[in-house]
Amino acid sequence: MWESESESYSGVRDRSFLPEGEADKQDGFKPDGFIRREQSWHVSSDIPSDLVIKVGELTFNLHKYPLLSRSGKMNRMIYETSRELDPNVVVELNDLPGGFEAFELAAKFCYGIAVDLTAANIAGLRCAAEYLEMTEDLEEGNLIFKTEAFLSYVVLSSWRDSIVVLKSCEGLSPWAENLQIVRRCSESIAWKACANPRGIRWAYGGRPSRTNSPKWSAAGGGDPRDSPVPADWWFEDVSILRIDHFVRVVTAIKVKGMRHELIGAAIMQYAAKWLPGLVKDNNNISSSDDYSSIAAGGGGLHMIVAAGTGPASAGVREAEWTGSAAREQRMVIESLISIIPAQRDSVTCGFLLRLLRQASLLKVAQALVTELEKRVGMQLEQASLADLMIPAYYSKSETMFDVDLVQRLVEHFLVQEQTAEGESPPAGKHGTNAKMRVARLIDSYLTEVSRDRNLSLTKFQVLAEALPDSARSCDDGLYRAVDSYLKAHPTLTEHERKRLCRVMDCQKLSIDACMHAAQNERLPLRIVVQVLFSEQVKISNAIANSTLKEAAAAASVATDGHPYQPIISTRKQLIEGTPQSFQEGWAAAKKDINTLKFELETMKTKYSELQNDMEGLQRQFDKMSATTALAAKTGKHGSTAASSGWTSGWKRLSRLTKMGGMEGQEQMTAGGGAADVAAVRKGTRRWRNSIS
């Protein structure tokens, strides 16, 4: 029923093709065939031609009468040219669909010469017949009728012929659309792709083979190969179509209810074929297929990149494209985005991210980019770090990678997770696992982009805090990102470093991360103290748990008749079980903390004494002001006395300050000598060097 071999449908040459009264004259033509001489076609006839028709670059030297009986358009044009005085007028048909090839076949049909109808020429000939108005009103069994019959009964019943005809319609717009050739071929392909292959013999050699496409035959066909047909058997054939025809086929397949995973796989294969910059390894994609000669006519779309697009060369802002190639690739990407099935996991997250990278580069419509970002957010936990490293091609910021884009992806992910949790609460465990995978991905991403000196602290902090605290059971990844950011930004102030370190929880750091943080001079002092304290607590808990296990083991042994010896864990044992580096660091930290507390108390005492002295001086000044005013009234001048009182007060304040400084120095000397004084003056830096 569905035989794929291209069958010939020949018009029979007889006298019925000719107009009445012209049969005897036609016998004198002896049209045995057409002869081409350079850029001209001539009819091999004894009668000289009286009509010159130009189609494109070729001219046809024909006769008027055979064309008058079959073509309404030629009838009118010949009548108009006959009214002109110049007998050498050339009729031009430059807008004829199908070009000179289709006109040659139509002219042969008018002369009664047998014409072979094939899948390769039927679409152009059908459009040319419509253009030339070769209808049944002029002659029964005209060219429109015969081409329509061939399309309906031969082409549409064959898989391969439907593909070939649809491919040939690319240069026949809008005639092929208006004549419903594209729609009928798309429906035929969709119906066959969705048909149940059970009970049908397939002649299919697989994708690596260079044989023809799958051949449909009856269940009792003679092909002995009865191997199971793969579900993706139709991908390769459909992928040769132009993007608008591919969209028509996929849309028809969707309507017929094919599984969304298969539709997504077909879309990914099409993208790999027509978007060479989309796949990671183009060598895995076969460029030679059954229709390589046909696909070569449309030409591949090639990208001329100024430099690499990986993270190492992500500083390149743009890629240079040829104008037509950019428009074609933009149209391909926009069309693919519009037909991706709405169901989750229809296509892989890596494919969506690579498509998003190309869309950002080619400035695809913002509405489609937003839709694509939402699709990525639905399955962000499946993404890889390499696919997430999207350069900031046209971003206003100076960052190497598009951090704002990743921030939007995380927001879409959280919205989708909240919606899913609201609809199906039992799936909360799956949502938690997805959040944890996304958290690890974002931590790795932050570690990579933190090396960019143009990345602002605010963007880093916002992305790090985008996920809830429950998404991270361990903050080692965040610590690596923070440490990498501190290395790349050594000019951060103390306040900025503290603000940066707030994104991580010191209690969620592992033992290795704590050991590294305790000796990390880039971290603020307060963070290091928190790390040491949390690590001390962890070690104590670990030792306590170990002690409890040993006690439980000893108790179990005692029940078997062996003597039970309780193990009493003392503070000394806990300290001895602590690593030596932590003991030394913790002791130094305690000493520095006590020294700082002593200095603070001393400064508070001095400040109180100075405040009291200032109040006394203020009272003296008020008294002197009152005395001066009284002396001015009585005529006496007490300026000398007032001056001496004011001077003696300031001398007393200066003497108290000096005495306080000497007392503090004596106390520091008595507490630890000159070395401790120097340590106090150097402050935090001295302690940080000591523990490292």
# chains A, B, ... in the order shown; residues from 1 in each chain; ligands from 1

call {"tool": "residues_around", "arguments": {"residues": "segment 481-486 of chain A", "least_positions_apart": "5", "cutoff": "12 Å", "atoms": "only C-alpha atoms", "output": "PyMOL selection string"}}
result
chain A and resi 440-457+459-461+463-464+475-476+491-494+496-505+513+516-517+520-524

call {"tool": "select_by_dssp", "arguments": {"residues": "segment 40-81 of chain A", "states": "strand (DSSP E or B)", "output": "short mmCIF file (atom, residue, chain, number, x, y, z; two decimals) with all heavy atoms, in the first residue's frame"}}
result
data_model
loop_
_atom_site.label_atom_id
_atom_site.label_comp_id
_atom_site.auth_asym_id
_atom_site.auth_seq_id
_atom_site.Cartn_x
_atom_site.Cartn_y
_atom_site.Cartn_z
N SER A 40 18.91 28.01 -25.54
CA SER A 40 17.61 28.00 -26.23
C SER A 40 17.14 26.57 -26.41
O SER A 40 17.93 25.64 -26.61
CB SER A 40 17.72 28.69 -27.59
OG SER A 40 18.12 30.04 -27.44
N TRP A 41 15.82 26.41 -26.33
CA TRP A 41 15.16 25.14 -26.61
C TRP A 41 14.42 25.26 -27.94
O TRP A 41 13.75 26.25 -28.21
CB TRP A 41 14.18 24.77 -25.50
CG TRP A 41 14.83 24.23 -24.26
CD1 TRP A 41 15.18 24.94 -23.17
CD2 TRP A 41 15.19 22.88 -24.01
NE1 TRP A 41 15.75 24.12 -22.23
CE2 TRP A 41 15.76 22.84 -22.72
CE3 TRP A 41 15.10 21.70 -24.74
CZ2 TRP A 41 16.24 21.67 -22.15
CZ3 TRP A 41 15.56 20.53 -24.16
CH2 TRP A 41 16.12 20.51 -22.89
N HIS A 42 14.51 24.22 -28.75
CA HIS A 42 13.83 24.19 -30.05
C HIS A 42 13.06 22.88 -30.15
O HIS A 42 13.48 21.83 -29.64
CB HIS A 42 14.84 24.28 -31.20
CG HIS A 42 15.65 25.54 -31.17
ND1 HIS A 42 15.29 26.68 -31.86
CD2 HIS A 42 16.82 25.84 -30.53
CE1 HIS A 42 16.18 27.63 -31.64
NE2 HIS A 42 17.13 27.14 -30.84
N VAL A 43 11.90 22.95 -30.87
CA VAL A 43 11.10 21.77 -31.14
C VAL A 43 11.59 21.14 -32.43
O VAL A 43 11.75 21.83 -33.45
CB VAL A 43 9.61 22.14 -31.24
CG1 VAL A 43 8.77 20.88 -31.48
CG2 VAL A 43 9.15 22.85 -29.98
N LEU A 51 6.69 31.48 -32.04
CA LEU A 51 6.49 32.04 -30.70
C LEU A 51 7.77 31.84 -29.89
O LEU A 51 8.31 30.73 -29.84
CB LEU A 51 5.31 31.36 -29.99
CG LEU A 51 5.03 31.79 -28.55
CD1 LEU A 51 4.64 33.26 -28.50
CD2 LEU A 51 3.93 30.92 -27.94
N VAL A 52 8.26 32.92 -29.29
CA VAL A 52 9.46 32.87 -28.45
C VAL A 52 9.06 33.22 -27.02
O VAL A 52 8.50 34.31 -26.78
CB VAL A 52 10.55 33.83 -28.95
CG1 VAL A 52 11.78 33.76 -28.03
CG2 VAL A 52 10.93 33.51 -30.38
N ILE A 53 9.31 32.30 -26.11
CA ILE A 53 9.00 32.50 -24.69
C ILE A 53 10.29 32.42 -23.90
O ILE A 53 11.08 31.48 -24.07
CB ILE A 53 7.99 31.44 -24.20
CG1 ILE A 53 6.68 31.54 -24.97
CG2 ILE A 53 7.74 31.59 -22.69
CD1 ILE A 53 5.67 30.47 -24.60
N LYS A 54 10.49 33.39 -23.01
CA LYS A 54 11.70 33.44 -22.19
C LYS A 54 11.32 33.16 -20.73
O LYS A 54 10.49 33.86 -20.15
CB LYS A 54 12.38 34.80 -22.31
CG LYS A 54 13.71 34.87 -21.58
CD LYS A 54 14.41 36.21 -21.80
CE LYS A 54 15.77 36.24 -21.09
NZ LYS A 54 16.46 37.54 -21.28
N VAL A 55 11.96 32.16 -20.17
CA VAL A 55 11.76 31.80 -18.76
C VAL A 55 13.12 31.81 -18.09
O VAL A 55 13.96 30.92 -18.36
CB VAL A 55 11.09 30.43 -18.62
CG1 VAL A 55 10.84 30.12 -17.14
CG2 VAL A 55 9.79 30.37 -19.39
N LEU A 58 16.67 31.07 -20.06
CA LEU A 58 16.47 30.24 -21.24
C LEU A 58 15.31 30.76 -22.08
O LEU A 58 14.33 31.32 -21.55
CB LEU A 58 16.19 28.78 -20.83
CG LEU A 58 17.33 28.04 -20.11
CD1 LEU A 58 16.90 26.62 -19.82
CD2 LEU A 58 18.60 28.07 -20.93
N THR A 59 15.39 30.53 -23.40
CA THR A 59 14.32 30.89 -24.33
C THR A 59 13.82 29.62 -25.01
O THR A 59 14.59 28.69 -25.27
CB THR A 59 14.82 31.87 -25.39
OG1 THR A 59 15.94 31.30 -26.08
CG2 THR A 59 15.23 33.19 -24.74
N PHE A 60 12.51 29.60 -25.25
CA PHE A 60 11.86 28.45 -25.89
C PHE A 60 11.27 28.92 -27.23
O PHE A 60 10.44 29.84 -27.26
CB PHE A 60 10.75 27.89 -25.00
CG PHE A 60 11.25 27.25 -23.74
CD1 PHE A 60 11.56 28.02 -22.62
CD2 PHE A 60 11.41 25.88 -23.66
CE1 PHE A 60 12.02 27.43 -21.46
CE2 PHE A 60 11.86 25.28 -22.50
CZ PHE A 60 12.18 26.05 -21.40
N ASN A 61 11.70 28.31 -28.31
CA ASN A 61 11.19 28.61 -29.65
C ASN A 61 10.09 27.59 -29.95
O ASN A 61 10.37 26.44 -30.31
CB ASN A 61 12.31 28.52 -30.68
CG ASN A 61 13.41 29.54 -30.41
OD1 ASN A 61 13.31 30.70 -30.79
ND2 ASN A 61 14.46 29.10 -29.71
N LEU A 62 8.83 28.03 -29.79
CA LEU A 62 7.69 27.13 -29.86
C LEU A 62 6.72 27.58 -30.95
O LEU A 62 6.98 28.51 -31.71
CB LEU A 62 6.99 27.08 -28.50
CG LEU A 62 7.88 26.74 -27.29
CD1 LEU A 62 7.08 26.85 -26.01
CD2 LEU A 62 8.50 25.37 -27.43
#

call {"tool": "atom_distance", "arguments": {"atom1": "atom CA of Leu156 of chain A", "atom2": "atom CA of Gln180 of chain A"}}
result
12.4 Å

call {"tool": "closest_residue", "arguments": {"among": "A:Met389, A:Lys167, A:Ile263, A:Val89", "to": "Cys194 of chain A", "atoms": "only C-alpha atoms"}}
result
A:Ile263

call {"tool": "closest_residue", "arguments": {"among": "A:Ser71, A:Gln379, A:Thr432, A:Thr627", "to": "Asp137 of chain A", "atoms": "only C-alpha atoms"}}
result
A:Ser71

call {"tool": "residues_around", "arguments": {"residues": "segment 123-134 of chain A", "least_positions_apart": "2", "cutoff": "10 Å", "atoms": "only C-alpha atoms", "output": "number ranges by chain"}}
result
A: 67, 69-75, 93, 95-106, 110, 117-121, 136-148, 150-151, 164-169, 171-176, 178-179, 181-182

call {"tool": "closest_residue", "arguments": {"among": "A:Glu373, A:His63, A:Arg36, A:Val537", "to": "Ser49 of chain A", "atoms": "only C-alpha atoms"}}
result
A:His63

call {"tool": "residues_around", "arguments": {"residues": "segment 363-372 of chain A", "least_positions_apart": "4", "cutoff": "9 Å", "atoms": "only C-alpha atoms", "output": "list in words"}}
result
Arg330, Met331, Ile333, Glu334, Ile337, Ser338, Leu352, Leu353, Leu355, Leu356, Gln358, Ala359, Val376, Gly377 and Tyr394 of chain A

call {"tool": "closest_residue", "arguments": {"among": "A:Met436, A:Cys506, A:Ile78, A:Leu275", "to": "Tyr479 of chain A", "atoms": "only C-alpha atoms"}}
result
A:Cys506

call {"tool": "atom_distance", "arguments": {"atom1": "atom CA of Ser188 of chain A", "atom2": "atom CA of Trp274 of chain A"}}
result
23.6 Å

call {"tool": "atom_distance", "arguments": {"atom1": "atom CA of Pro228 of chain A", "atom2": "atom CA of Phe351 of chain A"}}
result
28.6 Å
